[in-house]
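Visitor: For reference, this is my_file22.cif, and it has mmCIF, C-alpha atoms.
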data_target
#
loop_
_atom_site.label_atom_id
_atom_site.label_comp_id
_atom_site.auth_asym_id
_atom_site.auth_seq_id
_atom_site.Cartn_x
_atom_site.Cartn_y
_atom_site.Cartn_z
CA MET A 1 -1.33 8.30 -43.89
CA ARG A 2 -2.05 5.91 -41.02
CA THR A 3 -5.63 5.83 -39.75
CA PRO A 4 -6.57 5.45 -36.05
CA CYS A 5 -7.45 1.84 -36.74
CA ASP A 6 -4.03 1.23 -38.30
CA ILE A 7 -2.50 2.68 -35.16
CA CYS A 8 -4.77 0.42 -33.12
CA SER A 9 -3.32 -2.59 -34.97
CA SER A 10 0.16 -1.51 -33.93
CA VAL A 11 -1.00 -0.98 -30.34
CA ALA A 12 -2.45 -4.48 -30.24
CA SER A 13 0.83 -5.96 -31.52
CA TRP A 14 2.82 -3.94 -29.00
CA SER A 15 0.60 -5.00 -26.11
CA ALA A 16 0.83 -8.66 -27.11
CA ALA A 17 4.62 -8.46 -27.27
CA LEU A 18 4.77 -7.02 -23.75
CA GLY A 19 2.22 -9.44 -22.35
CA VAL A 20 -0.33 -6.74 -21.56
CA VAL A 21 -3.77 -8.18 -20.75
CA LEU A 22 -6.48 -6.57 -22.87
CA LEU A 23 -9.75 -6.78 -21.01
CA SER A 24 -11.86 -6.82 -24.15
CA SER A 25 -10.35 -10.19 -25.06
CA VAL A 26 -11.19 -11.82 -21.74
CA SER A 27 -14.47 -13.70 -21.49
CA SER A 28 -16.86 -13.32 -18.59
CA ALA A 29 -16.16 -16.96 -17.75
CA ASP A 30 -12.50 -16.13 -17.13
CA PRO A 31 -12.34 -13.25 -14.63
CA VAL A 32 -9.32 -10.97 -14.83
CA PRO A 33 -7.22 -11.54 -11.69
CA PRO A 34 -5.91 -8.60 -9.68
CA ALA A 35 -2.22 -7.75 -9.82
CA LEU A 36 -0.37 -6.05 -6.94
CA ASN A 37 2.63 -3.82 -7.46
CA PRO A 38 4.35 -4.19 -4.06
CA ASP A 39 6.45 -1.06 -4.55
CA SER A 40 3.58 1.34 -5.22
CA GLY A 41 0.77 -0.60 -3.51
CA ASN A 42 -1.31 -0.30 -6.70
CA VAL A 43 -3.73 -3.14 -7.44
CA THR A 44 -4.93 -3.35 -11.04
CA TRP A 45 -7.16 -5.54 -13.19
CA GLY A 46 -5.72 -5.24 -16.71
CA ILE A 47 -6.55 -1.90 -18.37
CA SER A 48 -7.24 0.78 -15.78
CA GLY A 49 -10.27 3.04 -15.69
CA ALA A 50 -10.88 6.49 -14.26
CA ILE A 51 -11.26 5.92 -10.49
CA LYS A 52 -8.82 4.96 -7.74
CA VAL A 53 -9.74 3.80 -4.23
CA ASP A 54 -6.97 4.69 -1.76
CA VAL A 55 -7.08 2.70 1.47
CA ASP A 56 -4.90 3.64 4.44
CA LEU A 57 -5.24 0.60 6.69
CA GLU A 58 -3.58 1.62 9.92
CA ARG A 59 -4.38 -1.62 11.72
CA PHE A 60 -3.52 -3.66 8.63
CA GLY A 61 0.02 -3.28 9.96
CA ARG A 62 -0.59 -6.29 12.18
CA ARG A 63 0.87 -9.57 11.05
CA GLY A 64 -1.95 -11.93 10.12
CA SER A 65 -4.53 -9.20 9.37
CA LYS A 66 -6.34 -9.63 6.06
CA ILE A 67 -8.10 -7.53 3.44
CA ARG A 68 -10.66 -8.36 0.73
CA PHE A 69 -11.74 -6.12 -2.15
CA ARG A 70 -13.97 -6.61 -5.17
CA TRP A 71 -15.60 -4.54 -7.89
CA THR A 72 -19.35 -4.90 -8.14
CA ASN A 73 -22.38 -3.96 -10.22
CA ALA A 74 -25.55 -3.01 -8.33
CA GLY A 75 -24.14 -4.70 -5.24
CA GLU A 76 -23.31 -7.99 -6.97
CA PRO A 77 -19.77 -9.26 -7.71
CA HIS A 78 -18.66 -8.16 -11.17
CA PRO A 79 -18.26 -11.34 -13.26
CA ARG A 80 -15.23 -10.08 -15.18
CA PHE A 81 -12.95 -9.04 -12.34
CA GLY A 82 -11.60 -11.35 -9.67
CA GLU A 83 -11.53 -10.74 -5.93
CA TYR A 84 -8.42 -9.34 -4.26
CA PHE A 85 -7.34 -11.04 -1.05
CA GLU A 86 -4.20 -10.42 0.96
CA GLU A 87 -2.82 -11.41 4.34
CA ASN A 88 -0.23 -9.08 5.83
CA GLU A 89 2.91 -11.05 6.59
CA THR A 90 4.78 -8.05 8.01
CA ASP A 91 4.40 -5.82 11.05
CA THR A 92 4.07 -2.58 9.08
CA ALA A 93 1.09 -0.79 7.56
CA GLN A 94 0.39 -1.66 3.94
CA PRO A 95 -1.55 1.10 2.09
CA ARG A 96 -3.34 -0.18 -1.00
CA HIS A 97 -4.59 1.66 -4.09
CA PHE A 98 -7.31 -0.19 -5.99
CA ILE A 99 -7.56 1.13 -9.54
CA GLU A 100 -10.92 0.61 -11.21
CA PRO A 101 -10.74 -1.60 -14.33
CA TYR A 102 -11.93 -0.13 -17.60
CA THR A 103 -15.16 -1.37 -19.20
CA ASN A 104 -16.11 -0.24 -22.68
CA PRO A 105 -19.72 0.99 -23.06
CA ASN A 106 -19.37 0.85 -26.86
CA LEU A 107 -19.01 -2.92 -26.54
CA GLN A 108 -21.93 -3.07 -24.09
CA GLU A 109 -19.67 -4.34 -21.32
CA LEU A 110 -21.18 -4.49 -17.84
CA PRO A 111 -19.91 -1.39 -16.00
CA VAL A 112 -18.43 -1.20 -12.53
CA THR A 113 -20.96 0.77 -10.45
CA ASP A 114 -19.66 0.11 -6.96
CA TYR A 115 -17.12 -1.74 -4.83
CA GLN A 116 -17.05 -3.69 -1.60
CA MET A 117 -14.24 -4.03 0.90
CA GLY A 118 -13.66 -6.01 4.07
CA ARG A 119 -10.86 -6.77 6.44
CA TYR A 120 -10.41 -8.75 9.56
CA TYR A 121 -7.83 -9.69 12.13
CA PRO A 122 -6.55 -12.98 13.58
CA SER A 123 -8.91 -12.66 16.54
CA ASN A 124 -11.96 -12.03 14.34
CA PRO A 125 -12.79 -14.76 11.80
CA ASN A 126 -15.61 -12.72 10.24
CA ALA A 127 -14.47 -12.09 6.66
CA ASP A 128 -17.62 -10.46 5.31
CA TYR A 129 -17.47 -7.43 3.05
CA ARG A 130 -18.07 -4.62 5.54
CA SER A 131 -17.94 -1.47 3.43
CA GLN A 132 -20.00 -0.94 0.27
CA VAL A 133 -19.90 2.16 -1.93
CA ILE A 134 -22.21 2.67 -4.92
CA ASN A 135 -22.70 5.42 -7.51
CA LEU A 136 -26.41 6.12 -7.99
CA SER A 137 -28.59 8.59 -9.83
CA GLY A 138 -32.22 9.46 -9.17
CA SER A 139 -33.74 9.91 -5.74
CA ALA A 140 -35.19 7.99 -2.80
CA ALA A 141 -37.27 4.97 -3.86
CA ALA A 142 -36.10 5.30 -7.48
CA TRP A 143 -32.33 4.76 -7.43
CA ILE A 144 -30.49 3.69 -10.59
CA PRO A 145 -26.88 2.38 -10.47
CA ARG A 146 -24.47 4.41 -12.59
CA PRO A 147 -20.91 3.62 -13.76
CA LEU A 148 -18.48 4.52 -11.00
CA GLU A 149 -16.40 6.62 -13.40
CA ASP A 150 -19.40 8.95 -13.89
CA ILE A 151 -18.36 10.83 -10.75
CA GLY A 152 -15.66 12.39 -12.94
CA THR A 153 -13.06 14.39 -11.03
CA ALA A 154 -15.02 14.43 -7.76
CA GLN A 155 -13.11 13.26 -4.70
CA CYS A 156 -14.33 12.07 -1.33
CA ARG A 157 -13.01 10.65 1.92
CA PHE A 158 -14.60 8.02 4.16
CA ALA A 159 -14.00 7.00 7.78
CA TRP A 160 -13.97 3.26 8.44
CA LEU A 161 -15.50 2.54 11.86
CA GLU A 162 -14.60 -0.48 14.00
CA GLY A 163 -14.70 -1.50 17.64
CA VAL A 164 -11.54 -0.46 19.43
CA THR A 165 -11.33 -3.91 21.05
CA ASP A 166 -10.90 -6.94 18.79
CA THR A 167 -13.43 -9.67 19.36
CA SER A 168 -14.44 -12.88 17.65
CA ASP A 169 -18.14 -12.07 18.15
CA PRO A 170 -19.73 -11.58 14.68
CA ALA A 171 -22.31 -9.28 16.26
CA ALA A 172 -19.51 -6.76 16.87
CA THR A 173 -18.94 -6.23 13.15
CA ILE A 174 -19.91 -2.77 11.85
CA TYR A 175 -21.12 -2.68 8.25
CA SER A 176 -21.39 0.56 6.28
CA ALA A 177 -23.01 1.47 2.96
CA VAL A 178 -22.49 4.67 0.99
CA ASN A 179 -24.65 6.40 -1.62
CA LEU A 180 -22.08 8.45 -3.54
CA GLN A 181 -24.56 10.91 -5.02
CA LEU A 182 -25.76 11.97 -1.56
CA TYR A 183 -22.33 11.75 0.06
CA ILE A 184 -20.41 13.84 -2.48
CA ALA A 185 -23.15 16.49 -2.69
CA SER A 186 -23.38 16.99 1.08
CA ASN A 187 -20.18 15.96 2.86
CA PRO A 188 -17.34 14.75 0.60
CA ASP A 189 -14.86 14.89 3.50
CA GLY A 190 -17.11 13.02 5.91
CA PHE A 191 -18.36 14.21 9.27
CA LEU A 192 -17.09 17.39 10.93
CA ASP A 193 -16.00 18.74 7.51
CA GLY A 194 -13.13 16.26 7.48
CA LEU A 195 -11.67 17.27 10.85
CA TRP A 196 -10.98 13.68 11.92
CA GLN A 197 -8.13 11.19 11.75
CA PRO A 198 -7.71 7.42 12.11
CA GLY A 199 -7.30 6.42 15.74
CA GLN A 200 -9.85 8.91 17.11
CA LEU A 201 -12.84 7.61 19.05
CA LEU A 202 -16.29 8.45 17.78
CA GLY A 203 -17.40 9.52 21.26
CA ASP A 204 -14.40 11.82 21.73
CA LEU A 205 -15.49 13.67 18.59
CA GLY A 206 -18.94 14.21 20.07
CA LEU A 207 -20.55 11.92 17.50
CA GLU A 208 -22.99 9.05 17.86
CA ILE A 209 -24.86 6.67 15.58
CA VAL A 210 -28.64 6.72 15.98
CA ASN A 211 -30.73 4.34 13.89
CA GLY A 212 -27.78 3.76 11.61
CA ARG A 213 -27.07 7.44 10.95
CA ILE A 214 -24.66 10.08 12.21
CA ASP A 215 -26.32 13.49 12.47
CA GLY A 216 -25.02 15.81 9.76
CA LEU A 217 -23.53 12.97 7.69
CA ASP A 218 -25.61 12.30 4.58
CA GLY A 219 -25.32 9.26 2.33
CA VAL A 220 -23.97 6.74 4.87
CA VAL A 221 -25.75 4.16 6.98
CA PHE A 222 -24.33 1.69 9.54
CA ALA A 223 -25.70 -1.70 10.55
CA SER A 224 -24.79 -4.95 12.30
CA THR A 225 -25.55 -7.02 9.16
CA PRO A 226 -24.45 -6.77 5.50
CA PHE A 227 -26.31 -4.50 3.09
CA VAL A 228 -28.02 -5.30 -0.21
CA PHE A 229 -28.80 -2.87 -3.00
CA ASP A 230 -32.45 -1.82 -2.78
CA PRO A 231 -33.53 0.80 -5.38
CA THR A 232 -36.82 1.39 -3.55
CA SER A 233 -35.19 2.35 -0.24
CA GLU A 234 -34.40 5.84 1.02
CA MET A 235 -30.62 5.36 0.69
CA GLY A 236 -30.36 2.74 -2.06
CA TRP A 237 -29.07 0.20 0.47
CA ALA A 238 -30.97 -1.91 2.99
CA PRO A 239 -29.45 -4.05 5.76
CA ILE A 240 -30.28 -7.74 5.88
CA GLY A 241 -32.75 -8.09 8.73
CA GLY A 242 -34.34 -4.71 8.14
CA PRO A 243 -34.39 -1.64 10.44
CA SER A 244 -33.70 -3.74 13.55
CA SER A 245 -30.15 -4.26 12.21
CA LEU A 246 -29.36 -0.53 12.20
CA ILE A 247 -26.74 0.39 14.79
CA ASN A 248 -27.19 2.68 17.78
CA SER A 249 -23.73 3.45 19.08
CA ALA A 250 -24.79 3.91 22.72
CA GLY A 251 -26.04 0.36 22.98
CA TRP A 252 -23.29 -1.02 20.76
CA GLU A 253 -20.51 0.57 22.83
CA ALA A 254 -22.10 -0.60 26.08
CA GLU A 255 -21.77 -4.17 24.82
CA PHE A 256 -18.55 -4.12 22.77
CA GLY A 257 -16.56 -1.03 23.80
CA SER A 258 -15.72 2.24 22.07
CA ILE A 259 -16.00 2.78 18.32
CA VAL A 260 -12.80 4.00 16.65
CA ILE A 261 -11.99 5.47 13.25
CA ASP A 262 -9.89 2.57 12.09
CA ALA A 263 -8.87 3.65 8.60
CA THR A 264 -9.26 6.23 5.84
CA THR A 265 -10.60 5.45 2.39
CA MET A 266 -10.43 8.01 -0.43
CA LEU A 267 -12.05 7.95 -3.86
CA VAL A 268 -9.97 9.95 -6.35
CA PRO A 269 -9.31 10.11 -10.12
CA ALA A 270 -6.88 7.42 -11.25
CA PRO A 271 -3.52 8.55 -12.69
CA GLY A 272 -2.96 8.23 -16.42
CA THR A 273 -6.65 7.93 -17.27
CA ALA A 274 -6.47 9.89 -20.55
CA GLY A 275 -3.82 7.65 -22.10
CA THR A 276 -5.63 4.53 -21.01
CA LEU A 277 -8.93 5.63 -22.52
CA LEU A 278 -7.20 6.57 -25.80
CA LEU A 279 -5.70 3.08 -26.03
CA VAL A 280 -9.02 1.40 -25.36
CA SER A 281 -10.83 3.68 -27.83
CA LEU A 282 -8.38 2.63 -30.51
CA MET A 283 -8.98 -1.01 -29.63
CA ALA A 284 -12.72 -0.46 -30.00
CA CYS A 285 -12.13 1.18 -33.38
CA ARG A 286 -10.22 -1.86 -34.56
CA ARG A 287 -12.94 -4.23 -33.43
CA ARG A 288 -15.68 -2.21 -35.16
CA ARG A 289 -13.63 -2.11 -38.37
CA ALA A 290 -13.19 -5.89 -38.23
CA ARG A 291 -16.96 -6.35 -37.92
CA ASP A 292 -17.57 -4.00 -40.86
#
Show me, as structure tokens, the structure contained in the file I just sent.
Guide:
Amino acid sequence: MRTPCDICSSVASWSAALGVVLLSSVSSADPVPPALNPDSGNVTWGISGAIKVDVDLERFGRRGSKIRFRWTNAGEPHPRFGEYFEENETDTAQPRHFIEPYTNPNLQELPVTDYQMGRYYPSNPNADYRSQVINLSGSAAAWIPRPLEDIGTAQCRFAWLEGVTDTSDPAATIYSAVNLQLYIASNPDGFLDGLWQPGQLLGDLGLEIVNGRIDGLDGVVFASTPFVFDPTSEMGWAPIGGPSSLINSAGWEAEFGSIVIDATTMLVPAPGTAGTLLLVSLMACRRRRARD
């Protein structure tokens, strides 16, 4: 009778024959590069984990527009997974689906706790990461990063806010940071119970940003500077420059024009998670047997 570890040996041979990259064999000094499937729009980093980030970039349909994405841990770039960067060379929208890479807690691998995303257009050279989403546990002033996959089957939807008029002024960049624990518990579909679509103006929806917050929207804060993870803060994120960097939409729109919902981002369970985790569990079994 074949044991699970014997099966694991066969799995390893099969994966090597097909050229499958096994993340457990990749050192932290050699980050796993992202791979794009142009037919599906899926972007993967070797063995896939439990979470998928769906990004509908309506304005990414412009030729020359660019997108950046990276997995992070407590707000810092994850050392094992490389950055994704793409420039749209077509005139059509290019939805992308970023599938979280698997990390094995049994091997004490550093987990993915969050991700950061940014995009910019030919007229705006600012390529900073503008959107940051982190999974936390605890409460205000005592936040602890948790593996992103700990959200389980929960799903949520985010609105990406931008100025309706492109500008090269870095001060016109809107940065956002999300605390998933607060967001999923209070408003998983975003403001107005999800009754919004890309292309709508914030003002037309009767919404405004005051001191970085939208009334009735918990777990999200907006600023004119990037955020850093701060476990002692109310939200878990703090903008560089402090409270003075928090956005007030009335003043922002007076200077730069209307704020528009530029894109939709959704956090959902990744397809095929069960099979992936079985494969990786077998790999871990083989490695433990080898050590014994």
Visitor: Since I can't run it myself right now, could you work out what the PyMOL selection byres ((chain A and resi 250) around 10) selects here and report it as a list of chain:residue names?
Guide: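 So the PyMOL selection byres ((chain A and resi 250) around 10), applied here, picks out A:Gly203, A:Glu208, A:Ile209, A:Val210, A:Ile247, A:Asn248, A:Ser249, A:Gly251, A:Trp252, A:Glu253, A:Ala254, A:Glu255, A:Gly257, A:Ser258, A:Ile259.
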Visitor: Could you tell me, as JSON, numbers by chain, exactly which residues end up selected when the PyMOL selection byres ((chain A and resi 160) around 7) is applied to this structure?
Guide: {"A": [158, 159, 161, 162, 261, 262, 263, 264]}
Visitor: Quick one: residues within 10 Å of Ser224 (chain A), all atoms listed in the file, excluding same-chain residues fewer than 2 positions away - as an mmCIF file with C-alpha atoms, keeping the file's coordinate frame?
Guide:
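Wrote selection24.cif, looks like this:
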data_model
loop_
_atom_site.group_PDB
_atom_site.id
_atom_site.type_symbol
_atom_site.label_atom_id
_atom_site.label_comp_id
_atom_site.auth_asym_id
_atom_site.auth_seq_id
_atom_site.Cartn_x
_atom_site.Cartn_y
_atom_site.Cartn_z
ATOM 1 C CA ARG A 130 -18.070 -4.620 5.540
ATOM 2 C CA PRO A 170 -19.730 -11.580 14.680
ATOM 3 C CA ALA A 171 -22.310 -9.280 16.260
ATOM 4 C CA ALA A 172 -19.510 -6.760 16.870
ATOM 5 C CA THR A 173 -18.940 -6.230 13.150
ATOM 6 C CA ILE A 174 -19.910 -2.770 11.850
ATOM 7 C CA TYR A 175 -21.120 -2.680 8.250
ATOM 8 C CA SER A 176 -21.390 0.560 6.280
ATOM 9 C CA GLY A 212 -27.780 3.760 11.610
ATOM 10 C CA PHE A 222 -24.330 1.690 9.540
ATOM 11 C CA PRO A 226 -24.450 -6.770 5.500
ATOM 12 C CA PHE A 227 -26.310 -4.500 3.090
ATOM 13 C CA PRO A 239 -29.450 -4.050 5.760
ATOM 14 C CA ILE A 240 -30.280 -7.740 5.880
ATOM 15 C CA GLY A 241 -32.750 -8.090 8.730
ATOM 16 C CA SER A 244 -33.700 -3.740 13.550
ATOM 17 C CA SER A 245 -30.150 -4.260 12.210
ATOM 18 C CA LEU A 246 -29.360 -0.530 12.200
ATOM 19 C CA ILE A 247 -26.740 0.390 14.790
ATOM 20 C CA ASN A 248 -27.190 2.680 17.780
ATOM 21 C CA TRP A 252 -23.290 -1.020 20.760
#
Visitor: Would you mind telling me which residue in A:Val164, A:Ala141, A:Val112, A:Leu267 lies nearest to His78 (chain A) when using all atoms listed in the file?
Guide: A:Val112
Visitor: For CA of Val43 (chain A) and CA of Glu100 (chain A), determine how far apart the two atoms are, in Å to one decimal place.
Guide: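 That distance, rounded to one decimal, is 8.9 Å.
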Visitor: Out of A:Leu207, A:Met266, A:Leu107, A:Leu136, which residue has the shortest atom-to-atom distance to Asp189 (chain A) when counting all atoms listed in the file?
Guide: A:Met266
Visitor: Pick out the closest residue to Gly163 (chain A) from this set: A:Gly138, A:Phe256, A:Glu86, A:Phe191. Count all atoms listed in the file.
Guide: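 Of all the options, A:Phe256 lies closest to Gly163 (chain A).
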Visitor: Pick from A:Gly75, A:Asn88, A:Ile214, A:Leu205: nearest to Trp237 (chain A), with only C-alpha atoms counted?
Guide: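 For Trp237 (chain A), the nearest of the candidates is A:Gly75.
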Visitor: Identify which of the residues A:Pro95, A:Gly190, A:Pro101, A:Pro231 lies closest to Ile144 (chain A), counting all atoms listed in the file when measuring atom-to-atom distances.
Guide: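 Closest candidate: A:Pro231.
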Visitor: Counting only C-alpha atoms, which residue out of A:Ser65, A:Thr44, A:Ser233, A:Asn106 sits closest to Gln94 (chain A)?
Guide: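 Between A:Ser65, A:Thr44, A:Ser233, A:Asn106, the residue approaching Gln94 (chain A) most closely is A:Ser65.
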Visitor: Using the chain letters and numbers from the file, which residues does the PyMOL selection byres ((chain A and resi 76) around 10) grab, as a list in words?
Guide: Arg70, Trp71, Thr72, Asn73, Ala74, Gly75, Pro77, His78, Pro79, Thr113, Asp114, Tyr115, Gln116, Val228 and Phe229 of chain A
Visitor: State, in Å with one decimal place, the distance from CA of Leu180 (chain A) to CA of Ile134 (chain A).
Guide: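 Taking CA of Leu180 (chain A) and CA of Ile134 (chain A), their separation equals 5.9 Å.
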Visitor: Report the centre and edge lengths, in Å to one decimal, of an axis-aligned box enclosing every atom of region 250-259 of chain A listed in the file, padded by 5 Å on each side, as AutoDock Vina command-line options.
Guide:
--center_x -20.9 --center_y -0.1 --center_z 22.2 --size_x 20.3 --size_y 18.1 --size_z 17.8
Visitor: Using all atoms listed in the file, list the residues that have an atom at most 12 Å from (-25.6, 8.0, -2.5), coordinates as in the file, as a PyMOL selection string.
Guide: chain A and resi 113-114+132-140+142-146+148+151+177-188+217-221+229-231+233-237
Visitor: Identify, on the basis of only C-alpha atoms, every residue whose closest approach to Val268 (chain A) does not exceed 7 Å; exclude the query and any residue fewer than 4 positions from it along the same chain; express the result as a list in words.
Guide: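 Neighbouring residues, sequence-local ones excluded: Ile51, Lys52, Val53, Ala154, Gln155 and Cys156 of chain A.
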Visitor: So the first atom is CA of Ser48 (chain A) and the second is CA of Asp128 (chain A); what is the distance between them in Å, to one decimal place?
Guide: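 Answer for the CA of Ser48 (chain A) to CA of Asp128 (chain A) separation: 26.1 Å.
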Visitor: Can you list, as number ranges by chain, every protein, DNA or RNA residue that comes within 9 Å of region 28-39 of chain A when you count all atoms listed in the file, leaving out same-chain residues fewer than 2 positions away?
Guide: A: 21, 23, 26, 41-46, 78-84, 96
